[in-house]
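Asks: Please read through the structure below; I'll follow up with questions.
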Amino acid sequence: MLSGQDSETSFEYFRTDTGDAVRVTRLAPRGDMDDSARAGPTTNQIPQPPQQPQHPRPPSPQPGEPPHARKTDQHTTKPPASPRAIESPTWSTFAFIFLLRLVIALSTRTMYQPDEFWQSLEVAHYAVFGQGHLTWEWSNRVRGFAHPLLFSGVYRIIKYLNLDNSDAIIIGPKILQALIAASNDHFASLLAGRFFGRTAAKWTLFCTLTSWYTGYTMTRTFANSAEAALTTIALWRFPWRQLCRDADPTRPTYARRRFQDALVVAAAACIIRPTSAVIWLFVGADFAWRTRKHILRTAWTTTTILIVALAFSALIDRSFYKAWVFPPLEFYRVNVIQRVSVFYGTHPIYWYFLQSVPVIMGTFVVPFILGARDTLAAYSHSRVLLHAAVWTVGVLSLLEHKEDRFLLPVLPIMLAFTGATIARADTRSFAASLDNPTPGSLLARARLTFLVGVGILAVTNIPLAFYANVVHQRGVVDAALYVRNEAVSGAPMEVLWLMPCHSTPYYSHVHANVSMRFVSCEPPLGIENATSYKDESKFFAENPKKYLLSRYSTQIGNKSVDAGALAEKYNITLSSVAMQPETWPSHVVFFGFIEKIMRDLFEGSNYREVRRFFNSHFQLDDKMRTGDVIIYQRF
């Protein structure tokens, strides 16, 4: 708010729920007296004291106060919107967000992590077309089929329409994922609107649409992306007003219905990824305590929905495994008790808070910290939302295996607090610029500073998202699509992906009757001395030359290679040679990191380089994935 005064009037600016800046004019006391009062008292008239101004200043909303709790002057502002008007989806806005996410999904030609293909599309492709590779998680029934079921539905439609030999096999899942990503964006904005008002909702939508990490991950077919979208929808639908001090007791039916809807969506998120239960344990426990007078009704509703969700999940898994299984229990046994997940990397307990959150938030981390500080400084029911996010990150920090994308469900919460901070700065700077429109004035510069700050947030996120989606690690996807196009010609093909395991998409992109092999990386399941265990991929990474000379045939096309001579040239000792060495296929795909030894092997043979795809400018985690993606073919 901003105040001013001249000789006869005083005025203030404030922003309403709709985001309008309103100037409230207050007359000076002498302007509030009638004519007789100005003329002075008569014998039969007693002077009346000046009346109070007719347009009192509306109270400032407290941090986190629901927008409908504000009281505005009916003579100077529009009536505040009802809670339902603020919370209800705007389908025109959703359509715009969906089109934007669809463009991003269709233009994405890179790979982030193997799970976006191998734990979703590959499994769905296997279920529908009978062709695909199931990783160890599926052969050991560690994962549930609920998430791949979404894409198997898309594949079945494509198969029914006889479009599986077209680009629809690639585009179909992207359309569904764009819908999931748009839902996350839209309901994150609505969630912010419930807590912080319409201006915060607008800026939260800005944050979700420009966030580099949201743009990088939400249009990819991760289970984490679907989990994040469902969690955001459930949080928006949750009856947060019951957590306020002034909860409305006259609408129990409406609140109960919201509670049931939120639990159903939250249960769906837990079916997709059981770790989603972490955030709902906190939210549910807090809700049960604050509404403990109705604890039996809450427990009954929760138990009923839980039983139905478990039954539904069991039916989904039985349809895939052809047996009654309970993957969440197996997941806990394998990854927590047996600690198999440690095989794929560990991080210290503080890694999420000190490294992962700053990375995925990017430059938005500064306004997020300010928003969290303001929430903690004053009582607000938005504290529950902040505490739920901190609780979730804290519990996940106890697990040894950590990845940035595991925080996707709490990212919309953090962006909501970010949007609230930007909204407060927007309100202050806009009101200041109205009262001091003169260019160069201090308050006009405040508005300009705000706009520059918003621009910095955009330009530090959007280019990074573009680079990650279009440039970084695109060669592995291009190579898979090249193999697919070559297979369309009908010529017999055998492909060896001579790379660290799961470096490329597989049958979900190739979608052809092609024999393919790759370097495996099975974990030490059932092995007592797991600390000394090395999978095939690690042998390959430690010494690629020794791996190739000891595992593959010395007959390379029309050329016979002297393995001993090459071993002497590279100064390596062949302790053992495979009894039945693998034959060389018609196509070999590898990274530029091993290009030198591959040239030595193929020199003088009928193998020729046919394609080379740029992959990335750098690799932070695995040097074996450096360089271009190169394809050799036997002629």
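Labels for the structure tokens follow display order: chains A, B, ..., residues from 1 in each chain, ligands from 1.
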Could you name the residues that touch range 332-339 of chain A at 10 Å or less, counting only C-alpha atoms, but leaving out those on the same chain fewer than 2 positions away, as a PyMOL selection string?

Replies: chain A and resi 137+140+142+274-275+327-330+341-343+399-401+524-526

Asks: Please save all heavy atoms of the selected residues as a compact mmCIF listing (two decimals), in the first residue's frame.

Replies:
```
# COMPACT_ATOMS: atom_id res chain seq x y z
N GLU A 137 13.99 -54.88 -12.37
CA GLU A 137 12.89 -54.51 -11.48
C GLU A 137 11.61 -55.24 -11.84
O GLU A 137 10.82 -55.60 -10.97
CB GLU A 137 12.64 -52.99 -11.53
CG GLU A 137 13.77 -52.15 -10.95
CD GLU A 137 14.67 -51.60 -12.02
OE1 GLU A 137 14.84 -52.30 -13.06
OE2 GLU A 137 15.20 -50.50 -11.86
N ASN A 140 11.83 -59.10 -11.23
CA ASN A 140 11.74 -59.39 -9.80
C ASN A 140 10.50 -58.79 -9.15
O ASN A 140 10.38 -58.77 -7.92
CB ASN A 140 12.99 -58.89 -9.09
CG ASN A 140 14.22 -59.70 -9.41
OD1 ASN A 140 14.48 -60.73 -8.79
ND2 ASN A 140 14.99 -59.26 -10.41
N VAL A 142 9.40 -55.74 -8.68
CA VAL A 142 9.65 -54.66 -7.74
C VAL A 142 8.78 -53.45 -8.06
O VAL A 142 8.47 -52.66 -7.17
CB VAL A 142 11.15 -54.28 -7.75
CG1 VAL A 142 11.43 -53.05 -6.91
CG2 VAL A 142 11.98 -55.46 -7.26
N PRO A 274 4.93 -45.42 -4.66
CA PRO A 274 4.62 -45.55 -3.22
C PRO A 274 5.28 -44.50 -2.35
O PRO A 274 4.75 -44.16 -1.28
CB PRO A 274 5.13 -46.96 -2.88
CG PRO A 274 5.11 -47.70 -4.18
CD PRO A 274 5.44 -46.68 -5.23
N THR A 275 6.42 -43.94 -2.78
CA THR A 275 7.08 -42.92 -1.97
C THR A 275 6.25 -41.65 -1.86
O THR A 275 6.54 -40.78 -1.03
CB THR A 275 8.46 -42.58 -2.55
OG1 THR A 275 8.31 -42.26 -3.95
CG2 THR A 275 9.42 -43.76 -2.42
N PRO A 327 3.98 -55.19 -5.28
CA PRO A 327 5.28 -54.57 -5.57
C PRO A 327 5.79 -53.60 -4.50
O PRO A 327 7.01 -53.55 -4.27
CB PRO A 327 5.04 -53.86 -6.91
CG PRO A 327 3.96 -54.64 -7.55
CD PRO A 327 3.07 -55.06 -6.42
N PRO A 328 4.94 -52.77 -3.85
CA PRO A 328 5.50 -51.87 -2.83
C PRO A 328 6.27 -52.59 -1.73
O PRO A 328 7.31 -52.11 -1.27
CB PRO A 328 4.26 -51.15 -2.27
CG PRO A 328 3.28 -51.18 -3.39
CD PRO A 328 3.51 -52.50 -4.07
N LEU A 329 5.78 -53.76 -1.32
CA LEU A 329 6.48 -54.52 -0.29
C LEU A 329 7.81 -55.04 -0.81
O LEU A 329 8.84 -54.99 -0.12
CB LEU A 329 5.61 -55.67 0.20
CG LEU A 329 6.19 -56.53 1.32
CD1 LEU A 329 6.45 -55.69 2.56
CD2 LEU A 329 5.25 -57.69 1.65
N GLU A 330 7.81 -55.53 -2.05
CA GLU A 330 9.05 -56.02 -2.65
C GLU A 330 10.02 -54.86 -2.88
O GLU A 330 11.24 -55.02 -2.72
CB GLU A 330 8.74 -56.72 -3.97
CG GLU A 330 9.89 -57.52 -4.55
CD GLU A 330 10.27 -58.70 -3.68
OE1 GLU A 330 9.47 -59.11 -2.82
OE2 GLU A 330 11.39 -59.22 -3.87
N SER A 341 19.48 -50.32 -4.04
CA SER A 341 19.52 -49.01 -4.70
C SER A 341 20.87 -48.33 -4.55
O SER A 341 21.26 -47.49 -5.37
CB SER A 341 18.42 -48.11 -4.14
OG SER A 341 18.60 -47.90 -2.75
N VAL A 342 21.61 -48.69 -3.48
CA VAL A 342 22.94 -48.11 -3.26
C VAL A 342 23.87 -48.46 -4.42
O VAL A 342 24.81 -47.72 -4.72
CB VAL A 342 23.51 -48.62 -1.93
CG1 VAL A 342 24.93 -48.13 -1.71
CG2 VAL A 342 22.62 -48.16 -0.79
N PHE A 343 23.60 -49.57 -5.10
CA PHE A 343 24.41 -50.01 -6.22
C PHE A 343 24.43 -48.95 -7.32
O PHE A 343 25.39 -48.88 -8.10
CB PHE A 343 23.86 -51.33 -6.74
CG PHE A 343 24.58 -51.89 -7.93
CD1 PHE A 343 25.84 -52.44 -7.80
CD2 PHE A 343 24.01 -51.85 -9.19
CE1 PHE A 343 26.51 -52.95 -8.90
CE2 PHE A 343 24.66 -52.37 -10.29
CZ PHE A 343 25.92 -52.92 -10.14
N LEU A 399 17.20 -41.71 2.82
CA LEU A 399 17.54 -42.77 1.88
C LEU A 399 18.89 -42.48 1.24
O LEU A 399 19.19 -41.34 0.89
CB LEU A 399 16.46 -42.91 0.81
CG LEU A 399 15.04 -43.17 1.32
CD1 LEU A 399 14.05 -43.21 0.16
CD2 LEU A 399 14.99 -44.47 2.12
N GLU A 400 19.69 -43.51 1.05
CA GLU A 400 21.04 -43.30 0.54
C GLU A 400 21.05 -42.94 -0.94
O GLU A 400 21.84 -42.11 -1.38
CB GLU A 400 21.89 -44.56 0.79
CG GLU A 400 22.11 -44.86 2.27
CD GLU A 400 22.87 -46.15 2.48
OE1 GLU A 400 22.24 -47.23 2.41
OE2 GLU A 400 24.10 -46.09 2.69
N HIS A 401 20.19 -43.57 -1.72
CA HIS A 401 20.14 -43.28 -3.15
C HIS A 401 19.23 -42.07 -3.39
O HIS A 401 18.06 -42.08 -3.02
CB HIS A 401 19.62 -44.49 -3.92
CG HIS A 401 19.51 -44.25 -5.40
ND1 HIS A 401 20.61 -44.04 -6.19
CD2 HIS A 401 18.43 -44.17 -6.22
CE1 HIS A 401 20.22 -43.85 -7.44
NE2 HIS A 401 18.91 -43.92 -7.49
N PRO A 524 23.46 -56.70 -7.74
CA PRO A 524 23.84 -57.93 -7.03
C PRO A 524 22.69 -58.52 -6.21
O PRO A 524 22.72 -58.51 -4.98
CB PRO A 524 25.00 -57.49 -6.15
CG PRO A 524 24.71 -56.06 -5.87
CD PRO A 524 24.07 -55.51 -7.10
N LEU A 525 21.66 -59.02 -6.86
CA LEU A 525 20.54 -59.63 -6.16
C LEU A 525 20.91 -61.04 -5.72
O LEU A 525 21.37 -61.86 -6.53
CB LEU A 525 19.31 -59.69 -7.07
CG LEU A 525 18.67 -58.34 -7.43
CD1 LEU A 525 17.57 -58.54 -8.46
CD2 LEU A 525 18.13 -57.66 -6.19
N GLY A 526 20.74 -61.32 -4.43
CA GLY A 526 21.02 -62.66 -3.91
C GLY A 526 22.48 -62.99 -3.80
O GLY A 526 22.84 -64.16 -3.62
```

Asks: Check the smallest atom-to-atom distance from each of A:His387, A:Arg198, A:Leu296, A:Asn224 to Val283 in chain A using only C-alpha atoms, then report the winner.

Replies: A:His387

Asks: So, with only C-alpha atoms as the atoms that count, which of A:Lys293, A:Arg237, A:His125, A:Arg612 lies closest to Phe151 in chain A?

Replies: A:His125

Asks: Just checking: using only C-alpha atoms, which residue out of A:His381, A:Arg297, A:Arg273, A:Arg373 ends up closest to Phe259 in chain A?

Replies: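 Checking each of A:His381, A:Arg297, A:Arg273, A:Arg373 against Phe259 in chain A, counting only C-alpha atoms, the winner is A:Arg297.
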
Asks: Using only C-alpha atoms, which of the listed residues (A:Val510, A:Ala423, A:Val483, A:Ile594) sits closest to Asp167 in chain A?

Replies: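 Between A:Val510, A:Ala423, A:Val483, A:Ile594, the residue approaching Asp167 in chain A most closely is A:Val510.
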
Asks: Output as a list in words all residues of range 466-534 of chain A that backbone DSSP marks as strand (DSSP E or B).

Replies: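 Answer for range 466-534 of chain A restricted to strand (DSSP E or B) is Glu494, Val495, Leu496, Trp497, Leu498, Ser515, Met516, Arg517 and Phe518 of chain A.
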
Asks: Selection from above, C-alpha atoms, as a PDB file, in the first residue's frame, can you write it?

Replies:
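File written: selection07.pdb
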```
ATOM      1  CA  GLU A 494      21.311 -56.810 -35.684  1.00  0.00           C
ATOM      2  CA  VAL A 495      22.330 -53.944 -33.445  1.00  0.00           C
ATOM      3  CA  LEU A 496      24.879 -53.849 -30.649  1.00  0.00           C
ATOM      4  CA  TRP A 497      24.600 -50.818 -28.365  1.00  0.00           C
ATOM      5  CA  LEU A 498      28.207 -50.774 -27.162  1.00  0.00           C
ATOM      6  CA  SER A 515      17.623 -58.157 -32.823  1.00  0.00           C
ATOM      7  CA  MET A 516      19.370 -55.851 -30.362  1.00  0.00           C
ATOM      8  CA  ARG A 517      21.884 -56.250 -27.560  1.00  0.00           C
ATOM      9  CA  PHE A 518      23.349 -53.871 -24.969  1.00  0.00           C
TER      10      PHE A 518
END
```

Asks: Report, in Å to a single decimal, how far apart CA of Arg101 in chain A and CA of Thr217 in chain A are.

Replies: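 Separation between CA of Thr217 in chain A and CA of Arg101 in chain A: 11.2 Å.
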
Asks: Could you give me, as a ChimeraX atom specification, each residue of range 359-411 of chain A that DSSP assigns to helix (DSSP H, G or I) when run on this structure's backbone?

Replies: /A:359-377,382-397,404-411

Asks: Show me, as a ChimeraX atom specification, the residues that have an atom within 9 Å of range 632-635 of chain A when counting only C-alpha atoms, minus same-chain residues fewer than 4 positions from it.

Replies: /A:557,585-590,602,605-611

Asks: Residues near Phe282 in chain A, anyone? I mean within 12 Å using only C-alpha atoms, not counting same-chain ones fewer than 3 positions away, as a PyMOL selection string.

Replies: chain A and resi 276-279+285-289+384-395

Asks: How would the residues just chosen look if you wrote them out with C-alpha atoms as a tab-separated table (two decimals), in the first residue's frame?

Replies:
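This is the output file part.tsv:
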```
chain	number	residue	atom	x	y	z
A	276	SER	CA	4.33	-40.35	-2.58
A	277	ALA	CA	2.87	-41.53	0.73
A	278	VAL	CA	5.59	-39.57	2.56
A	279	ILE	CA	3.99	-36.17	2.01
A	285	ALA	CA	-1.63	-36.52	10.41
A	286	ASP	CA	-1.87	-32.74	10.70
A	287	PHE	CA	-5.42	-32.74	9.37
A	288	ALA	CA	-6.47	-35.54	11.75
A	289	TRP	CA	-5.09	-33.63	14.72
A	384	VAL	CA	1.32	-26.52	6.85
A	385	LEU	CA	2.17	-26.59	3.16
A	386	LEU	CA	5.73	-25.45	3.80
A	387	HIS	CA	6.20	-27.93	6.63
A	388	ALA	CA	4.90	-30.73	4.41
A	389	ALA	CA	7.53	-29.90	1.78
A	390	VAL	CA	10.34	-29.76	4.35
A	391	TRP	CA	9.14	-33.03	5.90
A	392	THR	CA	9.14	-34.76	2.51
A	393	VAL	CA	12.63	-33.60	1.60
A	394	GLY	CA	13.85	-34.57	5.07
A	395	VAL	CA	12.46	-38.11	4.92
```

Asks: Please determine, counting only C-alpha atoms, which residue among A:Gly490, A:Gly604, A:Gly475, A:Pro409 has the shortest atom-to-atom distance to Thr110 in chain A.

Replies: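 Distance minimum relative to Thr110 in chain A lands on A:Gly475.
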
Asks: Can you measure CA of Leu179 in chain A to CA of Phe98 in chain A for me? One decimal in Å is fine.

Replies: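 A separation of 6.0 Å between them.
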
Asks: When you look at range 451-458 of chain A with a cut-off of 9 Å (counting only C-alpha atoms), what residues show up, excluding the ones that are within fewer than 3 positions of it in the same chain? I need them as number ranges by chain.

Replies: A: 206-207, 210-211, 362-364, 422, 426, 446-448, 461-463
